[in-house]
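Undergrad: Structure file target_10.cif, mmCIF, C-alpha atoms, is pasted below:
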```
data_structure
#
loop_
_atom_site.label_atom_id
_atom_site.label_comp_id
_atom_site.auth_asym_id
_atom_site.auth_seq_id
_atom_site.Cartn_x
_atom_site.Cartn_y
_atom_site.Cartn_z
CA MET A 1 141.60 58.00 107.56
CA CYS A 2 142.18 54.59 108.98
CA THR A 3 143.14 54.12 112.56
CA THR A 4 146.03 51.85 111.73
CA CYS A 5 146.91 53.60 108.58
CA GLY A 6 149.11 56.42 107.50
CA CYS A 7 148.23 56.17 103.82
CA SER A 8 145.60 58.77 104.50
CA LYS A 9 147.81 61.56 105.75
CA GLY A 10 146.59 64.84 104.39
CA ALA A 11 143.41 63.37 102.95
CA GLY A 12 140.71 62.39 105.40
CA THR A 13 137.98 59.86 104.80
CA VAL A 14 134.60 61.14 103.71
CA ILE A 15 131.44 59.23 104.49
CA THR A 16 128.44 60.29 102.39
CA ASP A 17 124.82 59.39 102.87
CA PRO A 18 123.33 59.84 99.38
CA GLU A 19 119.80 59.83 100.77
CA THR A 20 120.27 62.94 102.87
CA GLY A 21 123.32 64.33 101.11
CA GLU A 22 125.02 64.44 104.50
CA ARG A 23 128.81 64.39 104.39
CA ILE A 24 130.93 63.44 107.37
CA GLU A 25 134.53 64.40 106.91
CA THR A 26 137.18 63.15 109.27
CA PRO A 27 140.36 65.20 109.30
CA ALA A 28 143.46 63.05 108.99
CA GLU A 29 144.88 64.17 112.35
CA GLU A 30 141.88 63.10 114.41
CA GLU A 31 141.69 59.78 112.71
CA SER A 32 145.12 58.65 113.74
CA GLY A 33 143.56 58.13 117.16
CA ALA A 34 146.53 59.87 118.71
CA ALA A 35 146.24 62.42 121.47
CA ARG A 36 146.90 65.94 120.25
CA GLU A 37 147.71 67.57 123.56
CA PRO A 38 151.26 68.79 124.24
CA GLY A 39 153.62 65.91 124.79
CA SER A 40 151.71 63.65 122.45
CA TRP A 41 153.62 61.38 120.14
CA ARG A 42 153.71 63.80 117.24
CA GLN A 43 155.72 66.23 119.27
CA VAL A 44 159.38 66.22 118.37
CA ALA A 45 161.59 64.71 121.03
CA GLY A 46 163.56 67.37 122.81
CA GLY A 47 160.46 69.52 123.09
CA ALA A 48 159.50 70.86 126.50
CA ALA A 49 156.81 68.38 127.43
CA GLY A 50 156.58 64.67 128.00
CA VAL A 51 159.68 64.30 130.14
CA SER A 52 160.13 60.78 131.42
CA VAL A 53 162.77 59.60 133.83
CA ALA A 54 164.78 58.32 130.90
CA ALA A 55 164.54 61.63 129.09
CA HIS A 56 165.61 63.41 132.25
CA LEU A 57 168.69 61.21 132.50
CA HIS A 58 169.40 61.94 128.89
CA ALA A 59 169.19 65.67 129.51
CA ARG A 60 171.58 65.32 132.44
CA ALA A 61 174.03 63.52 130.20
CA HIS A 62 173.93 66.50 127.84
CA ARG A 63 174.58 69.03 130.56
CA HIS A 64 177.41 66.89 131.86
CA ALA A 65 178.85 66.72 128.37
CA HIS A 66 178.82 70.48 128.01
CA ALA A 67 180.60 71.01 131.29
CA ALA A 68 183.26 68.42 130.52
CA HIS A 69 184.01 69.13 126.92
CA VAL A 70 183.44 72.74 125.98
CA HIS A 71 186.87 74.30 125.95
CA GLU A 72 189.07 76.34 123.64
CA HIS A 73 191.83 75.17 121.33
CA ASP A 74 193.89 78.05 119.98
CA GLY A 75 190.94 80.36 120.27
CA HIS A 76 188.56 77.84 118.62
CA VAL A 77 185.48 76.78 120.58
CA HIS A 78 184.02 73.33 120.04
CA SER A 79 180.56 73.65 118.64
CA HIS A 80 177.71 72.55 120.85
CA GLU A 81 176.07 70.69 118.04
CA HIS A 82 179.08 68.53 117.55
CA ILE A 83 179.11 67.67 121.23
CA HIS A 84 175.38 67.04 121.19
CA GLU A 85 175.75 64.43 118.50
CA GLN A 86 178.65 62.67 120.15
CA GLU A 87 177.19 62.79 123.59
CA ALA A 88 173.76 61.73 122.48
CA ALA A 89 175.38 58.53 121.24
CA ILE A 90 177.22 58.12 124.54
CA ALA A 91 174.06 58.85 126.49
CA ALA A 92 172.26 56.28 124.40
CA ALA A 93 174.86 53.67 125.15
CA VAL A 94 174.71 54.50 128.86
CA HIS A 95 171.01 55.07 129.36
CA GLY A 96 169.34 53.04 126.59
CA THR A 97 166.44 51.16 128.12
CA THR A 98 164.82 48.27 126.34
CA ILE A 99 161.06 48.07 126.59
CA THR A 100 159.45 44.79 125.62
CA LEU A 101 156.22 45.42 123.74
CA GLU A 102 155.18 42.17 121.99
CA GLN A 103 152.34 44.10 120.46
CA ASP A 104 150.40 43.03 117.39
CA LEU A 105 150.69 45.69 114.72
CA LEU A 106 147.11 45.29 113.63
CA ALA A 107 145.82 45.19 117.21
CA LYS A 108 144.09 48.54 116.95
CA ASN A 109 142.16 47.58 113.83
CA GLN A 110 141.40 44.16 115.32
CA LEU A 111 139.93 45.74 118.45
CA LEU A 112 137.66 48.00 116.40
CA ALA A 113 136.68 45.05 114.18
CA GLU A 114 135.66 42.98 117.21
CA HIS A 115 133.65 45.95 118.43
CA ASN A 116 131.84 46.09 115.07
CA ARG A 117 131.30 42.32 115.19
CA GLY A 118 129.69 42.57 118.63
CA TRP A 119 127.51 45.47 117.55
CA LEU A 120 126.35 43.59 114.43
CA ALA A 121 125.68 40.40 116.42
CA SER A 122 123.59 42.31 118.93
CA ARG A 123 121.34 43.29 116.01
CA HIS A 124 121.51 39.81 114.43
CA ILE A 125 122.97 41.35 111.29
CA THR A 126 124.85 39.21 108.78
CA ALA A 127 127.77 41.21 107.37
CA LEU A 128 129.91 40.23 104.40
CA ASN A 129 133.09 41.86 103.16
CA LEU A 130 133.11 41.75 99.35
CA VAL A 131 136.60 41.94 97.90
CA SER A 132 137.97 41.76 94.36
CA SER A 133 140.19 43.56 91.93
CA PRO A 134 138.66 46.68 90.34
CA GLY A 135 136.06 45.87 87.73
CA ALA A 136 135.27 42.27 88.76
CA GLY A 137 131.58 43.15 89.01
CA LYS A 138 130.95 43.66 92.73
CA THR A 139 128.45 46.49 92.29
CA THR A 140 126.60 44.78 89.41
CA LEU A 141 126.35 41.63 91.53
CA LEU A 142 124.85 43.64 94.39
CA GLU A 143 122.39 45.45 92.13
CA ARG A 144 121.14 42.13 90.77
CA THR A 145 121.01 40.55 94.22
CA ILE A 146 118.91 43.37 95.66
CA ARG A 147 116.48 43.42 92.70
CA ASP A 148 116.16 39.61 92.51
CA LEU A 149 115.43 39.18 96.20
CA ARG A 150 112.79 41.85 96.00
CA ASP A 151 111.23 40.17 92.93
CA LEU A 152 111.26 36.87 94.82
CA GLN A 153 109.06 38.61 97.43
CA SER A 154 111.82 38.20 99.98
CA ALA A 155 111.27 40.28 103.10
CA GLN A 156 114.99 40.29 103.67
CA ILE A 157 116.44 43.78 104.14
CA ILE A 158 119.79 44.40 102.47
CA GLN A 159 121.91 47.46 103.19
CA VAL A 160 125.21 48.40 101.64
CA ILE A 161 128.43 50.18 102.59
CA GLU A 162 130.34 51.18 99.46
CA GLY A 163 134.10 51.73 99.58
CA ASP A 164 136.00 53.59 96.86
CA GLN A 165 138.84 56.06 96.76
CA ALA A 166 136.60 58.65 95.14
CA THR A 167 133.14 59.37 93.66
CA LEU A 168 129.62 58.47 94.77
CA ASN A 169 129.01 56.50 91.56
CA ASP A 170 128.60 53.09 93.17
CA ALA A 171 126.41 54.43 95.98
CA GLU A 172 124.18 56.07 93.37
CA ARG A 173 123.85 52.77 91.48
CA ILE A 174 122.88 50.93 94.68
CA ARG A 175 120.53 53.72 95.69
CA ALA A 176 118.78 53.46 92.32
CA THR A 177 117.68 49.95 93.33
CA GLY A 178 115.91 51.47 96.34
CA CYS A 179 118.42 50.05 98.80
CA ARG A 180 119.82 52.06 101.70
CA VAL A 181 123.54 52.75 101.18
CA VAL A 182 126.39 54.79 102.62
CA GLN A 183 129.52 55.59 100.63
CA ILE A 184 132.99 55.69 102.18
CA ASN A 185 135.58 57.55 100.12
CA THR A 186 139.02 56.64 101.37
CA GLY A 187 140.85 59.48 99.62
CA THR A 188 144.30 58.03 99.10
CA GLY A 189 143.60 54.88 101.13
CA CYS A 190 143.82 51.48 99.46
CA HIS A 191 141.43 49.54 101.74
CA LEU A 192 138.59 49.94 104.21
CA ASP A 193 139.43 49.51 107.87
CA ALA A 194 137.34 48.76 110.93
CA GLY A 195 137.28 52.39 112.08
CA MET A 196 135.78 53.59 108.80
CA VAL A 197 133.16 50.84 108.87
CA SER A 198 132.30 51.72 112.47
CA ARG A 199 131.56 55.31 111.45
CA ALA A 200 129.62 54.18 108.38
CA LEU A 201 127.54 51.83 110.58
CA ALA A 202 126.62 54.73 112.85
CA GLN A 203 125.42 56.64 109.80
CA LEU A 204 123.67 53.67 108.16
CA ASP A 205 122.02 52.41 111.36
CA PRO A 206 120.94 49.07 109.81
CA PRO A 207 117.84 47.40 111.33
CA SER A 208 117.86 44.04 113.12
CA HIS A 209 118.27 40.92 110.96
CA ALA A 210 119.45 42.92 107.94
CA TRP A 211 122.11 41.65 105.57
CA LEU A 212 124.96 44.11 105.34
CA MET A 213 127.11 44.04 102.22
CA ILE A 214 130.40 45.90 102.57
CA GLU A 215 131.89 46.49 99.14
CA ASN A 216 135.59 47.01 99.78
CA VAL A 217 137.96 49.09 97.66
CA GLY A 218 138.86 47.14 94.51
CA ASN A 219 142.20 45.66 95.54
CA LEU A 220 143.30 42.05 96.02
CA VAL A 221 146.21 42.88 98.34
CA CYS A 222 145.60 45.19 101.30
CA PRO A 223 141.98 44.35 102.27
CA ALA A 224 143.13 40.81 103.13
CA LEU A 225 144.87 42.17 106.24
CA PHE A 226 142.14 44.38 107.63
CA ASP A 227 139.27 42.72 109.48
CA LEU A 228 136.14 44.89 109.41
CA GLY A 229 134.04 42.81 111.79
CA GLU A 230 132.36 40.78 109.03
CA GLN A 231 131.17 37.16 109.24
CA ALA A 232 133.03 36.26 106.08
CA LYS A 233 134.99 37.62 103.17
CA VAL A 234 133.64 36.85 99.72
CA VAL A 235 136.18 37.19 96.92
CA ILE A 236 134.79 37.89 93.47
CA LEU A 237 136.89 36.83 90.50
CA SER A 238 135.61 37.58 87.03
CA VAL A 239 136.41 35.18 84.22
CA THR A 240 137.88 38.06 82.20
CA GLU A 241 140.79 37.98 84.66
CA GLY A 242 143.47 35.32 84.63
CA GLU A 243 142.58 31.95 86.12
CA ASP A 244 145.82 32.06 88.14
CA LYS A 245 144.67 35.05 90.24
CA PRO A 246 144.34 32.81 93.34
CA LEU A 247 148.04 31.90 93.03
CA LYS A 248 149.08 35.48 92.39
CA TYR A 249 147.13 36.86 95.35
CA PRO A 250 147.09 33.91 97.77
CA HIS A 251 146.51 35.96 100.94
CA MET A 252 143.13 37.18 99.75
CA PHE A 253 141.92 33.79 98.57
CA ARG A 254 143.15 32.23 101.79
CA ALA A 255 141.23 34.78 103.87
CA SER A 256 137.95 34.30 101.97
CA ARG A 257 135.22 31.78 102.70
CA LEU A 258 133.61 31.94 99.26
CA MET A 259 134.92 32.60 95.76
CA LEU A 260 132.32 33.88 93.34
CA LEU A 261 133.38 33.34 89.74
CA SER A 262 131.54 36.18 88.02
CA LYS A 263 130.66 37.08 84.42
CA ILE A 264 130.38 33.41 83.41
CA ASP A 265 128.10 34.44 80.52
CA LEU A 266 131.34 35.56 78.82
CA LEU A 267 133.01 32.13 79.05
CA PRO A 268 132.21 31.13 75.41
CA HIS A 269 134.30 34.09 74.24
CA LEU A 270 137.29 33.49 76.51
CA ARG A 271 140.04 30.98 77.08
CA PHE A 272 139.38 30.70 80.80
CA ASP A 273 139.82 27.27 82.37
CA VAL A 274 137.22 27.18 85.17
CA ALA A 275 138.37 23.83 86.60
CA ARG A 276 141.98 25.01 86.76
CA CYS A 277 140.96 28.28 88.43
CA ILE A 278 139.03 26.39 91.12
CA ALA A 279 141.97 24.01 91.61
CA TYR A 280 144.29 27.01 92.12
CA ALA A 281 141.89 28.53 94.66
CA ARG A 282 141.73 25.23 96.58
CA GLN A 283 145.51 24.99 96.48
CA VAL A 284 145.81 28.15 98.58
CA ASN A 285 142.61 27.52 100.56
CA PRO A 286 141.38 23.89 100.57
CA SER A 287 138.14 24.83 102.34
CA ILE A 288 137.11 27.71 100.05
CA GLU A 289 133.60 27.37 98.62
CA VAL A 290 133.06 28.23 94.97
CA LEU A 291 130.00 29.43 93.08
CA GLN A 292 129.74 30.43 89.43
CA VAL A 293 127.46 33.34 88.63
CA SER A 294 126.44 35.80 85.97
CA ALA A 295 124.78 38.97 87.19
CA GLN A 296 123.85 39.70 83.55
CA THR A 297 121.90 36.54 82.72
CA GLY A 298 121.14 35.53 86.30
CA GLU A 299 122.77 32.13 85.85
CA GLY A 300 123.91 30.64 89.15
CA MET A 301 122.52 33.52 91.21
CA LYS A 302 120.09 31.23 93.08
CA GLY A 303 123.07 29.35 94.48
CA TRP A 304 124.47 32.64 95.77
CA TYR A 305 121.17 33.53 97.47
CA ALA A 306 121.03 30.06 99.05
CA TRP A 307 124.60 30.56 100.31
CA LEU A 308 123.60 33.91 101.85
CA GLU A 309 120.67 32.22 103.62
CA THR A 310 122.99 29.57 105.02
CA VAL A 311 125.44 32.14 106.38
CA ALA A 312 122.60 34.18 107.88
CA LEU A 313 121.08 31.07 109.48
CA ALA A 314 124.44 30.10 110.93
CA GLU A 315 124.78 33.62 112.33
CA ALA A 316 121.28 33.42 113.84
CA GLY A 317 122.09 30.01 115.32
CA GLU A 318 125.28 31.37 116.82
CA THR A 319 123.40 34.27 118.37
CA VAL A 320 120.73 31.93 119.77
CA ARG A 321 123.43 29.67 121.25
CA GLN A 322 125.16 32.66 122.80
CA GLY A 323 121.84 33.84 124.19
CA ALA A 324 121.14 30.39 125.62
CA ARG A 325 124.58 30.28 127.20
CA GLY A 326 123.99 33.74 128.66
CA ALA A 327 120.60 32.65 130.02
CA ALA A 328 122.08 29.46 131.50
CA ALA A 329 124.85 31.45 133.14
CA GLY A 330 122.32 33.96 134.44
CA SER A 331 120.16 31.26 136.05
CA TYR A 332 122.82 30.44 138.61
CA MET B 1 150.73 49.82 99.75
CA HIS B 2 149.58 48.76 103.20
CA GLU B 3 153.22 48.84 104.39
CA LEU B 4 152.86 52.60 104.82
CA SER B 5 149.88 51.98 107.10
CA ILE B 6 151.85 49.40 109.04
CA ALA B 7 154.94 51.62 109.34
CA ASN B 8 152.78 54.46 110.61
CA SER B 9 151.21 52.08 113.07
CA VAL B 10 154.67 51.16 114.37
CA VAL B 11 155.56 54.81 114.89
CA GLU B 12 152.23 55.56 116.55
CA LEU B 13 152.32 52.59 118.94
CA CYS B 14 155.97 53.08 119.92
CA ALA B 15 155.63 56.82 120.41
CA GLU B 16 152.62 56.28 122.69
CA ARG B 17 154.58 53.85 124.84
CA ALA B 18 157.78 55.95 124.84
CA MET B 19 156.08 58.59 127.03
CA GLY B 20 158.13 61.43 125.63
CA ALA B 21 161.49 59.64 125.61
CA ARG B 22 163.48 59.45 122.43
CA VAL B 23 163.33 56.07 120.71
CA LEU B 24 166.69 54.74 119.50
CA ARG B 25 165.79 51.36 118.13
CA VAL B 26 162.67 49.41 117.26
CA THR B 27 162.59 45.66 116.72
CA LEU B 28 159.79 44.17 114.62
CA GLU B 29 158.89 40.57 114.00
CA ILE B 30 157.52 39.98 110.53
CA GLY B 31 156.53 36.51 109.40
CA ARG B 32 157.47 35.43 105.87
CA LEU B 33 153.78 34.66 105.21
CA SER B 34 152.38 37.87 106.66
CA ALA B 35 151.77 39.74 103.36
CA VAL B 36 154.08 42.49 104.54
CA THR B 37 157.36 43.23 102.79
CA PRO B 38 160.20 44.16 105.19
CA ASP B 39 161.94 46.32 102.58
CA ALA B 40 158.80 48.36 102.03
CA ILE B 41 158.44 48.80 105.82
CA ARG B 42 162.04 50.04 106.02
CA PHE B 43 161.38 52.44 103.16
CA CYS B 44 158.28 53.87 104.86
CA PHE B 45 159.57 53.85 108.43
CA ASP B 46 161.92 56.84 108.10
CA VAL B 47 159.21 58.88 106.41
CA CYS B 48 156.67 58.08 109.13
CA ALA B 49 159.20 58.66 111.94
CA LYS B 50 160.02 62.18 110.82
CA ASP B 51 159.05 64.82 113.39
CA THR B 52 158.26 62.21 116.03
CA LEU B 53 160.05 60.68 118.99
CA LEU B 54 161.24 57.97 116.60
CA GLU B 55 163.07 60.27 114.20
CA GLY B 56 166.47 58.74 113.44
CA ALA B 57 165.66 55.50 115.26
CA ALA B 58 167.17 52.29 113.92
CA LEU B 59 164.73 49.70 112.64
CA GLU B 60 165.54 46.05 113.12
CA ILE B 61 163.34 43.43 111.47
CA VAL B 62 163.41 39.80 112.54
CA GLU B 63 161.89 37.64 109.81
CA THR B 64 160.31 34.46 111.07
CA PRO B 65 160.09 31.48 108.70
CA GLY B 66 156.79 29.92 107.75
CA LEU B 67 155.90 26.60 109.33
CA ALA B 68 152.83 24.43 108.92
CA ARG B 69 151.52 21.01 109.91
CA CYS B 70 150.10 18.76 107.25
CA LEU B 71 146.54 17.84 108.21
CA ASP B 72 146.72 14.68 106.11
CA CYS B 73 150.02 13.07 107.12
CA GLY B 74 150.99 15.12 110.18
CA ALA B 75 154.41 16.14 108.86
CA SER B 76 155.96 19.54 109.55
CA VAL B 77 156.16 21.63 106.41
CA GLU B 78 158.50 24.55 105.90
CA MET B 79 156.56 27.26 104.10
CA THR B 80 158.51 29.64 101.91
CA ASP B 81 155.21 31.00 100.59
CA LEU B 82 151.50 30.26 100.78
CA LEU B 83 151.69 27.97 97.76
CA ALA B 84 153.89 25.38 99.50
CA ARG B 85 152.84 21.74 99.54
CA CYS B 86 153.63 18.92 101.91
CA ALA B 87 156.00 16.22 100.66
CA CYS B 88 152.93 13.91 100.59
CA GLY B 89 151.37 16.26 98.02
CA SER B 90 148.71 17.69 100.33
CA VAL B 91 147.87 21.39 100.45
CA ASN B 92 145.70 20.85 103.50
CA LEU B 93 148.07 22.66 105.85
CA GLU B 94 147.58 24.31 109.20
CA LEU B 95 149.78 27.37 109.59
CA LEU B 96 151.76 27.29 112.83
CA ALA B 97 154.15 30.19 112.30
CA GLY B 98 155.07 32.79 109.75
CA SER B 99 152.13 35.17 109.88
CA GLU B 100 153.49 37.24 112.79
CA LEU B 101 153.27 41.02 112.59
CA LYS B 102 154.52 42.37 115.88
CA ILE B 103 156.55 45.05 117.59
CA LYS B 104 158.92 42.99 119.74
CA GLN B 105 160.67 45.74 121.67
CA MET B 106 162.12 49.21 121.53
CA GLU B 107 165.06 50.95 123.08
CA VAL B 108 164.56 54.42 124.52
CA VAL B 109 166.72 57.00 126.27
#
```
Would you write out, as structure tokens, the structure that this file holds?
TA:
Amino acid sequence: MCTTCGCSKGAGTVITDPETGERIETPAEEESGAAREPGSWRQVAGGAAGVSVAAHLHARAHRHAHAAHVHEHDGHVHSHEHIHEQEAAIAAAVHGTTITLEQDLLAKNQLLAEHNRGWLASRHITALNLVSSPGAGKTTLLERTIRDLRDLQSAQIIQVIEGDQATLNDAERIRATGCRVVQINTGTGCHLDAGMVSRALAQLDPPSHAWLMIENVGNLVCPALFDLGEQAKVVILSVTEGEDKPLKYPHMFRASRLMLLSKIDLLPHLRFDVARCIAYARQVNPSIEVLQVSAQTGEGMKGWYAWLETVALAEAGETVRQGARGAAAGSY
Amino acid sequence: MHELSIANSVVELCAERAMGARVLRVTLEIGRLSAVTPDAIRFCFDVCAKDTLLEGAALEIVETPGLARCLDCGASVEMTDLLARCACGSVNLELLAGSELKIKQMEVV
């Protein structure tokens, strides 16, 4: 499943294109990104291959140990295993070599995310990573957004990558709006990662200047750590949840540029303190933007569309600036 | 449960660099504000290390404290979690340390 992730072992990711019915399954072994040839990391140490100088020294220590210590006491022979254990510890003390790594644990995902970001920028695509707890209304928000923009005669193309552990339900809902969508099923995985999105992008093949909505797995914890190559994370918090969610899951609210308070049509029936919720969000992320929306009644949705325009314009501006810099550099 | 992902990442990265040598000890640096729980990493590490060059390796975790600079008054703020405030009351803080998530070193034979 994910390139940084072991939570997928035994259950590979499946990417489904509901339009063609095409399924791309990635076996768990291949996805680890590890070499499978003899001597690769999955091979148990002590196996025949992958002998480094250090391992060679270690082996010599063993042989030496056997020669020095195997002898009889009253007809009893010391077991090799016993000696192995003892001598392995001695060998470790003698030959232990410290290798300084200073390597970021999420480096692999980060590299793939930057690759996605470059690919999206080259097509002038604005990509957003939509995160929330399960049931906050991500898919409903997208359905409404796609339909509204079409009704507003917008020429803007929207495409969607759906992430869920299982089922094609969300992809089918998006597809019913006439929007192009690819579903990623993570199997046992609790978040999307950059590798999965990279494969989904290859399948989706979004056109230039499209808006790409990546609906992450419903989870306010893990997706905060995994960059997918998006311009911004948008966290959706429905008013049927507690207003202290930003305090309970500070990493996610800190990582997001926008908080969408959804289902505000239900506010009259709830004891949800909007002002307090926003104050909590700003406590963990003073620069977070906040919009209040209802995908049922349409209230506040225009603000969301205006926000999308702003992000897309900023992205276009950035691309133009980069292009200008490239041109200036090329003129020398 | 992203700690399982992270633990597997540790095993994968170390085993690649070990070039076939057995790994005896791995040292990680995990910031207190990194959203990763050291205990959960320890729990997952042995499972992920099984049948690899890291099987039986000791795992050492250095936890680095969170530190921020207040963007309003300039004071240094010790961050025990992401909800910390500056003594001046501001939450406008720039994180300087505490979000590390690194493999520092490993010991091989």
Undergrad: Considering all atoms listed in the file, return as a list in words whatever protein or nucleic-acid residues lie within 6 Å of Val23 of chain B, sequence-local ones (same chain, fewer than 3 positions apart) excluded.
TA: Leu53, Leu54, Ala57, Glu107 and Val108 of chain B
Undergrad: Within 9 Å of chain A, which residues of chain B are there when counting all atoms listed in the file? Please give them as an MDAnalysis selection string.
TA: chainID B and resid 1:25 28:29 33:35 48 50:55 82:85 90:93 100:109
Undergrad: Restricting the calculation to all atoms listed in the file, which member of B:Leu59, B:Gly31, B:Thr80, B:Cys73 is positioned closest to Ala97 of chain B?
TA: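 Once distances to Ala97 of chain B are computed over all atoms listed in the file, the minimum belongs to B:Gly31.
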Undergrad: Can you turn the PyMOL selection byres ((chain A and resi 259) around 6) into a concrete residue list for this file, as a PyMOL selection string?
TA: chain A and resi 234-236+258+260+290
Undergrad: Do you have the atom CA of Ser208 of chain A-atom CA of Val182 of chain A distance handy?
TA: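 Separating atom CA of Ser208 of chain A from atom CA of Val182 of chain A is a distance of 17.3 Å.
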Undergrad: For the structure shown, which residues end up in the PyMOL selection byres ((chain B and resi 66) around 6)? Put them as a ChimeraX atom specification, please?
TA: /B:32,65,67,78-79,97-98
Undergrad: Within 8 Å of segment 261-272 of chain A, counting all atoms listed in the file, which residues qualify if same-chain residues fewer than 6 places away don't, as an MDAnalysis selection string?
TA: chainID A and resid 136:137 236:240 242:243 290:297 299
Undergrad: Could you write out as JSON, numbers by chain the residues that the PyMOL selection byres ((chain B and resi 69) around 7) matches in the shown file?
TA: {"B": [68, 70, 71, 74, 75, 76, 77, 93, 94, 95, 96]}
Undergrad: Could you work out how far atom CA of Glu215 of chain A lies from atom CA of Leu130 of chain A, giving the answer in Å with one decimal?
TA: 4.9 Å
Undergrad: How many Å lie between atom CA of Leu112 of chain A and atom CA of Ile24 of chain A, rounded to one decimal?
TA: 19.1 Å
Undergrad: Given 3 Å of margin on each side, can you work out the centre and size in Å (one decimal) of an axis-aligned box holding every listed atom of segment 50-62 of chain B, as AutoDock Vina command-line options?
TA:
```
--center_x 162.7 --center_y 52.3 --center_z 114.9 --size_x 14.9 --size_y 31.0 --size_z 14.2
```
Undergrad: Just give me the residues with any atom within 12 Å of (119.8, 42.3, 93.3), file coordinates, counting all atoms listed in the file, written as a count of residues only.
TA: 37
Undergrad: With only C-alpha atoms as the atoms that count, which of A:Asp164, A:Glu25, A:Glu172, A:Glu114 lies nearest to Ile214 of chain A?
TA: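 Comparing A:Asp164, A:Glu25, A:Glu172, A:Glu114 against Ile214 of chain A, the winner is A:Asp164.
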Undergrad: Find the residues near Pro38 of chain B: any atom within 9 Å, counting only C-alpha atoms, skip ones fewer than 5 places away on the same chain, and give them as JSON, numbers by chain.
TA: {"B": [3, 30, 43, 61, 63]}
